[in-house]
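First up is the structure itself, then whatever we jot down about it.
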Amino acid sequence: MKVIWNNEIVERSEVKIDMEDRGYQFADGVYDVVRAYNGKFFTLNEHVDRLFSSAEKIEMALPFTKEELKQLLSKLIQENNIDTGNVYMQLTRGIGIPRNHSYPDSELIPPVFTATTTIVPRDQTKMDQGITAFIVPDMRWLRCDIKSISLLGNIMAKHEAHKKGCDEAILHRDGVVTECSSSNAWMIKNDTIYTHPDGNLILPGITKIMLLKVARKAGIPVKEEVFTIKDLEEADEVFASSTTIEAMPITHINGNPVGQGKRGPVVEKLQQLYVEAVEEQCGQIR
Ligand SMILES: Cc1ncc(COP(=O)(O)O)c(C=O)c1O
């Protein structure tokens with residue numbers, strides 16, 4: 001298995017990362033995940049832009065240009081024969097000795113970049129059947145717009161949902177739904193789609209941007225407006241979106257059915273529109 005380590009493609013076993021790396025010590029770093037279909041990246045520019053933007057927000061610079069990174073990523077999926085799968089990219093601040101919360105000048109220590117690939121076929125059955133969710137308080141920090149590798153708030157929420165036998169956690173702050181533990185949250189009421197506006201409380205999902213674009217183009221009413229956990233009880237449809245799950249129906253919340261308790265027509269339409277957008281960039285999905 002080949003990986004990217006800084007600006008080279010190497011065997012995974014060759015990678016050496018210092019235990020004093022600030023990514024390991026402080027979760028001082030950022031990441032992004034981009035998906036490939038048919039061996040071609042979908043929305044690569046958007047993901048690379050977001051990685052650079054996350055890095056800039058924590059005063060880090062990547063050790064290459066956006067173009068160089070895109071070339072490296074394309075070479076990586078070719079070398080690993082990735083047809084449909086995900087590429088995980090991570091940038092950490094590098095070695096921090098002596099240990100100090102405050103970070104040193106970025107010119108003094110080189111950051112560490114890695115990227116790995118995983119083959120993940122589309123799970124059409126799951127996308128047809130949907131998933132279940134559990135509502136959990138959003139205990140994360142107030143810069144959720146940064147795709148930070150510090151994910152304790154997210155993983156604890158998802159674990160809570162799993163303990164309740166559910167697939168995903170829907171997060172709320174004082175009753176207002178922000179997003180899910182690893183996806184954006186959406187609700188449909190009277191044929192209008194609602195999702196939380198971008199800002200510091202959610203990750204600006206690339207899938208969210210694409211879904212908003214295709215929905216608006218198709219004339220489906222969309223509002224980037226907050227909604228509450230009370231609204232969820234009366235929603236016609238609810239779904240989650242992310243690079244890896246696309247538009248995923250949520251059929252049950254806290255054990256209660258959403259609408260009819262199965263995928264609804266608006267989510268189904270969005271799934272079709274999303275596939276069309278993927279096919280425009282990556283060719284027909286088999
Ligand atoms: C907390 C959170 N929100 C939203 C998303 C969806 O982002 P994207 O559509 O760019 O994958 C993710 C994806 O990992 C996430 O972790």
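Starting from 1 in every chain, residues are counted up; chains themselves are A, B, ... following the order of the structure tokens, and ligands are numbered from 1 as listed.
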
Within 7 Å of range 170-186 of chain A, which residues of range 52-165 of chain A come that close, and what is the closest atom pair and distance in Å for each? Count only C-alpha atoms and give it as CSV.
```
residue,atom,partner,partner_atom,distance
A:Ala133,CA,A:Ile170,CA,6.4
A:Phe134,CA,A:Ile170,CA,6.0
A:Ile135,CA,A:Ile170,CA,4.7
A:Val136,CA,A:Leu171,CA,5.1
A:Pro137,CA,A:His172,CA,5.0
A:Asp138,CA,A:Leu171,CA,4.8
A:Asn154,CA,A:Ser181,CA,4.8
A:Ala157,CA,A:Ser181,CA,6.3
A:Lys158,CA,A:Ser181,CA,5.9
```

Test item: residues at most 6 Å from range 211-223 of chain A, only C-alpha atoms, excluding those fewer than 5 positions along its chain, as JSON, numbers by chain: {"A": [192, 193, 194]}

Per residue of chain A within 10 Å of ligand 1, note the shortest atom pair and the distance in Å to one decimal, counting only C-alpha atoms and all ligand atoms, and order the rows by chain and increasing residue number, as a tab-separated table.
```
residue	atom	partner	partner_atom_place_in_ligand_line	distance
A:Tyr31	CA	ligand 1	14 (O)	9.4
A:Asp32	CA	ligand 1	14 (O)	7.6
A:Val33	CA	ligand 1	11 (O)	6.6
A:Val34	CA	ligand 1	11 (O)	7.5
A:Arg35	CA	ligand 1	11 (O)	8.8
A:Thr43	CA	ligand 1	10 (O)	9.5
A:Glu46	CA	ligand 1	10 (O)	8.7
A:His47	CA	ligand 1	10 (O)	7.2
A:Arg50	CA	ligand 1	10 (O)	8.6
A:Arg140	CA	ligand 1	1 (C)	9.8
A:Cys144	CA	ligand 1	1 (C)	7.3
A:Asp145	CA	ligand 1	3 (N)	8.7
A:Ile146	CA	ligand 1	1 (C)	9.7
A:Lys147	CA	ligand 1	16 (O)	7.5
A:Ser148	CA	ligand 1	16 (O)	9.3
A:Ile149	CA	ligand 1	16 (O)	9.9
A:Leu151	CA	ligand 1	16 (O)	8.6
A:Gly153	CA	ligand 1	1 (C)	9.6
A:Asn154	CA	ligand 1	1 (C)	6.9
A:Ile155	CA	ligand 1	16 (O)	9.8
A:Leu171	CA	ligand 1	1 (C)	9.5
A:Thr178	CA	ligand 1	3 (N)	9.1
A:Glu179	CA	ligand 1	3 (N)	6.1
A:Cys180	CA	ligand 1	1 (C)	6.0
A:Ser181	CA	ligand 1	1 (C)	5.0
A:Ser182	CA	ligand 1	16 (O)	3.4
A:Ser183	CA	ligand 1	4 (C)	3.6
A:Asn184	CA	ligand 1	4 (C)	4.3
A:Ala185	CA	ligand 1	4 (C)	8.0
A:Leu201	CA	ligand 1	1 (C)	9.6
A:Ile202	CA	ligand 1	3 (N)	6.3
A:Leu203	CA	ligand 1	3 (N)	4.8
A:Pro204	CA	ligand 1	7 (O)	6.6
A:Gly205	CA	ligand 1	7 (O)	3.5
A:Ile206	CA	ligand 1	10 (O)	3.7
A:Thr207	CA	ligand 1	9 (O)	3.6
A:Lys208	CA	ligand 1	9 (O)	5.6
A:Ile209	CA	ligand 1	9 (O)	7.8
A:Met210	CA	ligand 1	9 (O)	8.5
A:Leu211	CA	ligand 1	9 (O)	9.3
A:Ala240	CA	ligand 1	6 (C)	8.5
A:Ser241	CA	ligand 1	9 (O)	5.9
A:Ser242	CA	ligand 1	9 (O)	3.5
A:Thr243	CA	ligand 1	11 (O)	3.7
A:Thr244	CA	ligand 1	11 (O)	6.5
A:Ile245	CA	ligand 1	11 (O)	8.3
A:Glu246	CA	ligand 1	9 (O)	7.5
A:Ala247	CA	ligand 1	9 (O)	9.3
```

Could you turn the residues from that selection into a file that holds N, CA and C atoms, as a CSV table (one decimal), in the first residue's frame?
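Writing done, so here's part17.csv:
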```
chain,number,residue,atom,x,y,z
A,31,TYR,N,-7.4,18.0,8.5
A,31,TYR,CA,-7.5,16.9,7.5
A,31,TYR,C,-8.6,17.2,6.5
A,32,ASP,N,-8.6,16.3,5.5
A,32,ASP,CA,-9.8,16.3,4.6
A,32,ASP,C,-9.9,15.0,3.9
A,33,VAL,N,-11.1,14.7,3.4
A,33,VAL,CA,-11.3,13.4,2.8
A,33,VAL,C,-12.0,13.7,1.4
A,34,VAL,N,-11.4,13.1,0.4
A,34,VAL,CA,-12.0,13.3,-1.0
A,34,VAL,C,-12.2,11.9,-1.5
A,35,ARG,N,-13.3,11.8,-2.4
A,35,ARG,CA,-13.7,10.5,-2.9
A,35,ARG,C,-13.5,10.4,-4.4
A,43,THR,N,-15.1,16.5,-7.1
A,43,THR,CA,-14.9,17.7,-6.3
A,43,THR,C,-13.5,17.8,-5.7
A,46,GLU,N,-12.5,21.5,-4.7
A,46,GLU,CA,-13.2,22.0,-3.5
A,46,GLU,C,-12.5,21.4,-2.2
A,47,HIS,N,-12.2,20.1,-2.2
A,47,HIS,CA,-11.6,19.5,-1.1
A,47,HIS,C,-10.2,20.0,-0.8
A,50,ARG,N,-10.5,23.4,0.6
A,50,ARG,CA,-10.9,23.4,2.1
A,50,ARG,C,-9.8,23.0,3.0
A,140,ARG,N,-19.0,20.1,21.1
A,140,ARG,CA,-17.7,20.4,20.4
A,140,ARG,C,-17.3,21.9,20.7
A,144,CYS,N,-16.1,24.8,14.5
A,144,CYS,CA,-16.3,23.5,13.7
A,144,CYS,C,-16.2,23.7,12.2
A,145,ASP,N,-15.9,25.0,11.8
A,145,ASP,CA,-15.7,25.2,10.4
A,145,ASP,C,-14.3,24.7,10.0
A,146,ILE,N,-13.4,24.5,11.0
A,146,ILE,CA,-12.0,24.0,10.7
A,146,ILE,C,-12.1,22.5,10.8
A,147,LYS,N,-11.6,21.8,9.7
A,147,LYS,CA,-11.7,20.4,9.8
A,147,LYS,C,-10.5,19.9,10.6
A,148,SER,N,-10.6,20.0,11.9
A,148,SER,CA,-9.5,19.7,12.8
A,148,SER,C,-9.4,18.2,13.0
A,149,ILE,N,-8.2,17.7,13.3
A,149,ILE,CA,-8.0,16.3,13.6
A,149,ILE,C,-8.4,16.0,15.0
A,151,LEU,N,-11.0,15.3,17.2
A,151,LEU,CA,-12.4,14.9,16.9
A,151,LEU,C,-13.1,14.2,18.1
A,153,GLY,N,-15.1,15.3,20.5
A,153,GLY,CA,-16.5,15.6,20.6
A,153,GLY,C,-17.3,14.9,19.6
A,154,ASN,N,-16.8,14.7,18.4
A,154,ASN,CA,-17.5,13.9,17.3
A,154,ASN,C,-17.5,12.5,17.6
A,155,ILE,N,-16.4,11.9,18.1
A,155,ILE,CA,-16.4,10.5,18.2
A,155,ILE,C,-17.2,10.1,19.5
A,171,LEU,N,-26.5,16.2,16.2
A,171,LEU,CA,-26.0,17.1,17.3
A,171,LEU,C,-26.9,18.4,17.4
A,178,THR,N,-27.3,21.3,14.7
A,178,THR,CA,-26.2,21.9,14.0
A,178,THR,C,-25.8,21.0,12.8
A,179,GLU,N,-25.3,19.8,13.1
A,179,GLU,CA,-25.0,18.8,12.1
A,179,GLU,C,-25.0,17.5,12.7
A,180,CYS,N,-24.4,16.5,12.0
A,180,CYS,CA,-24.3,15.2,12.6
A,180,CYS,C,-22.8,15.0,13.0
A,181,SER,N,-22.5,13.8,13.6
A,181,SER,CA,-21.1,13.7,14.1
A,181,SER,C,-20.1,13.6,13.0
A,182,SER,N,-20.5,13.1,11.8
A,182,SER,CA,-19.5,13.0,10.7
A,182,SER,C,-20.2,13.3,9.4
A,183,SER,N,-21.2,14.2,9.5
A,183,SER,CA,-22.0,14.5,8.2
A,183,SER,C,-22.8,15.8,8.5
A,184,ASN,N,-23.3,16.4,7.5
A,184,ASN,CA,-24.3,17.5,7.7
A,184,ASN,C,-25.7,17.0,7.8
A,185,ALA,N,-26.5,17.8,8.6
A,185,ALA,CA,-27.9,17.3,8.8
A,185,ALA,C,-28.9,18.2,8.0
A,201,LEU,N,-20.3,27.0,13.6
A,201,LEU,CA,-20.9,25.9,14.3
A,201,LEU,C,-20.9,24.6,13.5
A,202,ILE,N,-20.7,24.7,12.2
A,202,ILE,CA,-20.7,23.4,11.4
A,202,ILE,C,-19.5,23.4,10.4
A,203,LEU,N,-19.3,22.2,9.9
A,203,LEU,CA,-18.3,22.1,8.8
A,203,LEU,C,-19.0,22.5,7.5
A,204,PRO,N,-18.4,23.3,6.7
A,204,PRO,CA,-19.0,23.6,5.4
A,204,PRO,C,-18.8,22.4,4.4
A,205,GLY,N,-19.7,21.5,4.5
A,205,GLY,CA,-19.6,20.2,3.7
A,205,GLY,C,-19.5,20.5,2.2
A,206,ILE,N,-18.7,19.8,1.6
A,206,ILE,CA,-18.6,19.9,0.1
A,206,ILE,C,-19.8,19.2,-0.5
A,207,THR,N,-20.3,18.1,0.1
A,207,THR,CA,-21.5,17.4,-0.4
A,207,THR,C,-22.7,18.4,-0.2
A,208,LYS,N,-22.6,19.1,0.9
A,208,LYS,CA,-23.7,20.1,1.2
A,208,LYS,C,-23.7,21.1,0.0
A,209,ILE,N,-22.6,21.7,-0.3
A,209,ILE,CA,-22.5,22.7,-1.4
A,209,ILE,C,-23.1,22.1,-2.7
A,210,MET,N,-22.7,20.8,-3.0
A,210,MET,CA,-23.1,20.2,-4.2
A,210,MET,C,-24.6,19.9,-4.2
A,211,LEU,N,-25.1,19.5,-3.0
A,211,LEU,CA,-26.6,19.2,-2.9
A,211,LEU,C,-27.4,20.5,-3.1
A,240,ALA,N,-28.7,12.8,6.1
A,240,ALA,CA,-27.4,13.3,6.4
A,240,ALA,C,-26.6,13.3,5.1
A,241,SER,N,-25.6,14.2,5.0
A,241,SER,CA,-24.8,14.2,3.8
A,241,SER,C,-23.3,14.2,4.1
A,242,SER,N,-22.5,13.5,3.4
A,242,SER,CA,-21.0,13.6,3.4
A,242,SER,C,-20.4,13.0,2.2
A,243,THR,N,-19.2,13.2,2.0
A,243,THR,CA,-18.4,12.7,0.9
A,243,THR,C,-18.6,11.2,0.8
A,244,THR,N,-18.6,10.5,1.9
A,244,THR,CA,-18.6,9.0,1.9
A,244,THR,C,-20.0,8.4,1.8
A,245,ILE,N,-21.0,9.2,2.4
A,245,ILE,CA,-22.3,8.6,2.4
A,245,ILE,C,-23.3,9.3,1.4
A,246,GLU,N,-22.8,10.3,0.7
A,246,GLU,CA,-23.6,11.1,-0.2
A,246,GLU,C,-24.9,11.6,0.5
A,247,ALA,N,-26.1,11.4,-0.1
A,247,ALA,CA,-27.3,11.9,0.7
A,247,ALA,C,-27.9,10.6,1.3
```

Close residues, Asn256 in chain A itself excluded, 12 Å, only C-alpha atoms, min 3 positions apart in chain, as a PyMOL selection string: chain A and resi 132-135+166+232-235+250-253+259-262

Who sits within 10 Å of Arg99 in chain A, only C-alpha atoms, same chain under 5 positions skipped, as a PyMOL selection string: chain A and resi 20-22+25-26

Using only all heavy atoms, please write the residues we just selected to a file, as a short mmCIF file (atom, residue, chain, number, x, y, z; two decimals), in the first residue's frame.
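Ended up saving to again-v3.cif:
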```cif
data_model
loop_
_atom_site.label_atom_id
_atom_site.label_comp_id
_atom_site.auth_asym_id
_atom_site.auth_seq_id
_atom_site.Cartn_x
_atom_site.Cartn_y
_atom_site.Cartn_z
N GLU A 20 6.89 13.05 19.11
CA GLU A 20 6.69 14.43 19.59
C GLU A 20 5.99 15.28 18.54
O GLU A 20 5.90 16.50 18.68
CB GLU A 20 8.04 15.08 19.98
CG GLU A 20 8.73 14.42 21.17
CD GLU A 20 8.00 14.57 22.50
OE1 GLU A 20 6.97 15.27 22.54
OE2 GLU A 20 8.45 13.97 23.49
N ASP A 21 5.51 14.65 17.48
CA ASP A 21 4.75 15.41 16.50
C ASP A 21 3.54 16.03 17.20
O ASP A 21 2.83 15.37 17.96
CB ASP A 21 4.29 14.50 15.35
CG ASP A 21 3.64 15.31 14.24
OD1 ASP A 21 2.47 15.69 14.39
OD2 ASP A 21 4.32 15.56 13.24
N ARG A 22 3.29 17.28 16.93
CA ARG A 22 2.20 17.99 17.62
C ARG A 22 0.82 17.45 17.22
O ARG A 22 -0.15 17.64 17.94
CB ARG A 22 2.30 19.49 17.37
CG ARG A 22 3.52 20.13 18.03
CD ARG A 22 3.59 21.62 17.72
NE ARG A 22 2.40 22.30 18.15
CZ ARG A 22 2.25 22.91 19.34
NH1 ARG A 22 3.25 22.92 20.20
NH2 ARG A 22 1.13 23.52 19.64
N GLN A 25 0.67 14.73 19.84
CA GLN A 25 0.65 15.27 21.21
C GLN A 25 -0.55 16.16 21.51
O GLN A 25 -1.07 16.15 22.62
CB GLN A 25 1.95 16.06 21.48
CG GLN A 25 3.20 15.19 21.47
CD GLN A 25 3.26 14.22 22.65
OE1 GLN A 25 2.47 14.30 23.57
NE2 GLN A 25 4.19 13.29 22.59
N PHE A 26 -0.96 16.97 20.53
CA PHE A 26 -2.00 17.97 20.80
C PHE A 26 -3.20 17.90 19.85
O PHE A 26 -4.08 18.75 19.91
CB PHE A 26 -1.42 19.39 20.66
CG PHE A 26 -0.39 19.79 21.67
CD1 PHE A 26 0.95 19.87 21.32
CD2 PHE A 26 -0.76 20.09 22.98
CE1 PHE A 26 1.90 20.25 22.25
CE2 PHE A 26 0.21 20.48 23.91
CZ PHE A 26 1.54 20.55 23.54
#
```

CA of Phe41 in chain A to CA of Lys66 in chain A, straight-line distance in Å: 14.5 Å

Members of range 29-129 of chain A assigned alpha helix (DSSP H) by DSSP, as a CSV table (one decimal) with C-alpha atoms, in the first residue's frame:
```
chain,number,residue,atom,x,y,z
A,44,LEU,CA,-11.1,17.5,-5.9
A,45,ASN,CA,-10.7,21.3,-6.2
A,46,GLU,CA,-13.2,22.0,-3.5
A,47,HIS,CA,-11.6,19.5,-1.1
A,48,VAL,CA,-8.1,20.8,-1.7
A,49,ASP,CA,-9.3,24.4,-1.3
A,50,ARG,CA,-10.9,23.4,2.1
A,51,LEU,CA,-7.7,21.7,3.3
A,52,PHE,CA,-5.7,24.8,2.5
A,53,SER,CA,-8.3,27.0,4.1
A,54,SER,CA,-8.4,24.8,7.3
A,55,ALA,CA,-4.6,25.0,7.4
A,56,GLU,CA,-4.6,28.8,7.0
A,57,LYS,CA,-7.2,29.2,9.8
A,66,LYS,CA,-2.6,23.1,-4.7
A,67,GLU,CA,-1.6,21.9,-8.2
A,68,GLU,CA,1.3,19.9,-6.8
A,69,LEU,CA,-1.0,18.3,-4.2
A,70,LYS,CA,-3.6,17.4,-6.9
A,71,GLN,CA,-0.9,15.7,-9.0
A,72,LEU,CA,0.4,13.7,-6.0
A,73,LEU,CA,-3.1,12.6,-5.1
A,74,SER,CA,-3.9,11.5,-8.7
A,75,LYS,CA,-0.7,9.5,-8.8
A,76,LEU,CA,-1.5,7.9,-5.4
A,77,ILE,CA,-4.9,6.6,-6.5
A,78,GLN,CA,-3.3,5.3,-9.7
A,79,GLU,CA,-0.5,3.5,-7.9
A,124,GLN,CA,-26.6,1.4,-2.8
A,125,THR,CA,-28.7,-0.8,-0.5
A,126,LYS,CA,-27.9,1.4,2.5
A,127,MET,CA,-28.6,4.5,0.5
A,128,ASP,CA,-32.0,3.0,-0.4
A,129,GLN,CA,-32.8,1.8,3.1
```

CA of Ala61 in chain A to CA of Lys16 in chain A, straight-line distance in Å: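 Those two atoms sit 20.7 Å apart.
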
Close residues, range 80-85 of chain A itself excluded, 6 Å, only C-alpha atoms, min 2 positions apart in chain, as a list in words: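 Neighbouring residues, sequence-local ones excluded: Arg35, Ala36, Tyr37, Asn38, Gly39, Ile77, Gln78, Thr118, Ile119, Val120 and Pro121 of chain A.
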
For the residues in the current selection, export N, CA and C atoms as a short mmCIF file (atom, residue, chain, number, x, y, z; two decimals), in the first residue's frame.
```
data_model
loop_
_atom_site.label_atom_id
_atom_site.label_comp_id
_atom_site.auth_asym_id
_atom_site.auth_seq_id
_atom_site.Cartn_x
_atom_site.Cartn_y
_atom_site.Cartn_z
N ARG A 35 -13.29 11.79 -2.36
CA ARG A 35 -13.71 10.48 -2.86
C ARG A 35 -13.45 10.38 -4.37
N ALA A 36 -13.09 9.17 -4.78
CA ALA A 36 -12.91 8.90 -6.20
C ALA A 36 -13.96 7.88 -6.65
N TYR A 37 -14.47 8.10 -7.86
CA TYR A 37 -15.37 7.14 -8.51
C TYR A 37 -14.72 6.80 -9.85
N ASN A 38 -14.73 5.55 -10.22
CA ASN A 38 -14.14 5.13 -11.50
C ASN A 38 -12.71 5.63 -11.66
N GLY A 39 -11.97 5.69 -10.57
CA GLY A 39 -10.57 6.13 -10.64
C GLY A 39 -10.40 7.62 -10.87
N ILE A 77 -3.73 7.51 -6.26
CA ILE A 77 -4.86 6.58 -6.51
C ILE A 77 -4.56 5.66 -7.69
N GLN A 78 -3.73 6.16 -8.61
CA GLN A 78 -3.34 5.28 -9.72
C GLN A 78 -2.47 4.14 -9.20
N THR A 118 -8.38 4.23 0.78
CA THR A 118 -9.19 3.06 1.17
C THR A 118 -10.18 2.79 0.05
N ILE A 119 -10.32 1.52 -0.31
CA ILE A 119 -11.34 1.16 -1.30
C ILE A 119 -12.69 1.11 -0.57
N VAL A 120 -13.64 1.94 -1.01
CA VAL A 120 -14.97 1.93 -0.38
C VAL A 120 -16.02 1.98 -1.48
N PRO A 121 -16.57 0.83 -1.86
CA PRO A 121 -17.60 0.83 -2.91
C PRO A 121 -18.86 1.56 -2.45
#
```

Residue among A:Gly130, A:Gly29, A:Pro63, A:Gly283 lying closest to Ile95 in chain A, counting only C-alpha atoms: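 Distance minimum relative to Ile95 in chain A lands on A:Gly29.
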
DSSP strand (DSSP E) residues within range 139-217 of chain A, as JSON, numbers by chain: {"A": [168, 169, 170, 171, 172, 173, 176, 177, 178, 179, 180, 184, 185, 186, 187, 188, 189, 192, 193, 194, 195]}

Contacts of Glu14 in chain A within 10 Å, only C-alpha atoms, excl. fewer than 5 positions in-chain, as a ChimeraX atom specification: /A:2-3,5

Saved selection, atoms kept: C-alpha atoms, as a PDB file, in the first residue's frame:
```pdb
ATOM      1  CA  LYS A   2       1.445   3.327  -1.105  1.00  0.00           C
ATOM      2  CA  VAL A   3       0.889   6.547   0.852  1.00  0.00           C
ATOM      3  CA  TRP A   5       4.469  11.253   3.134  1.00  0.00           C
TER       4      TRP A   5
END
```
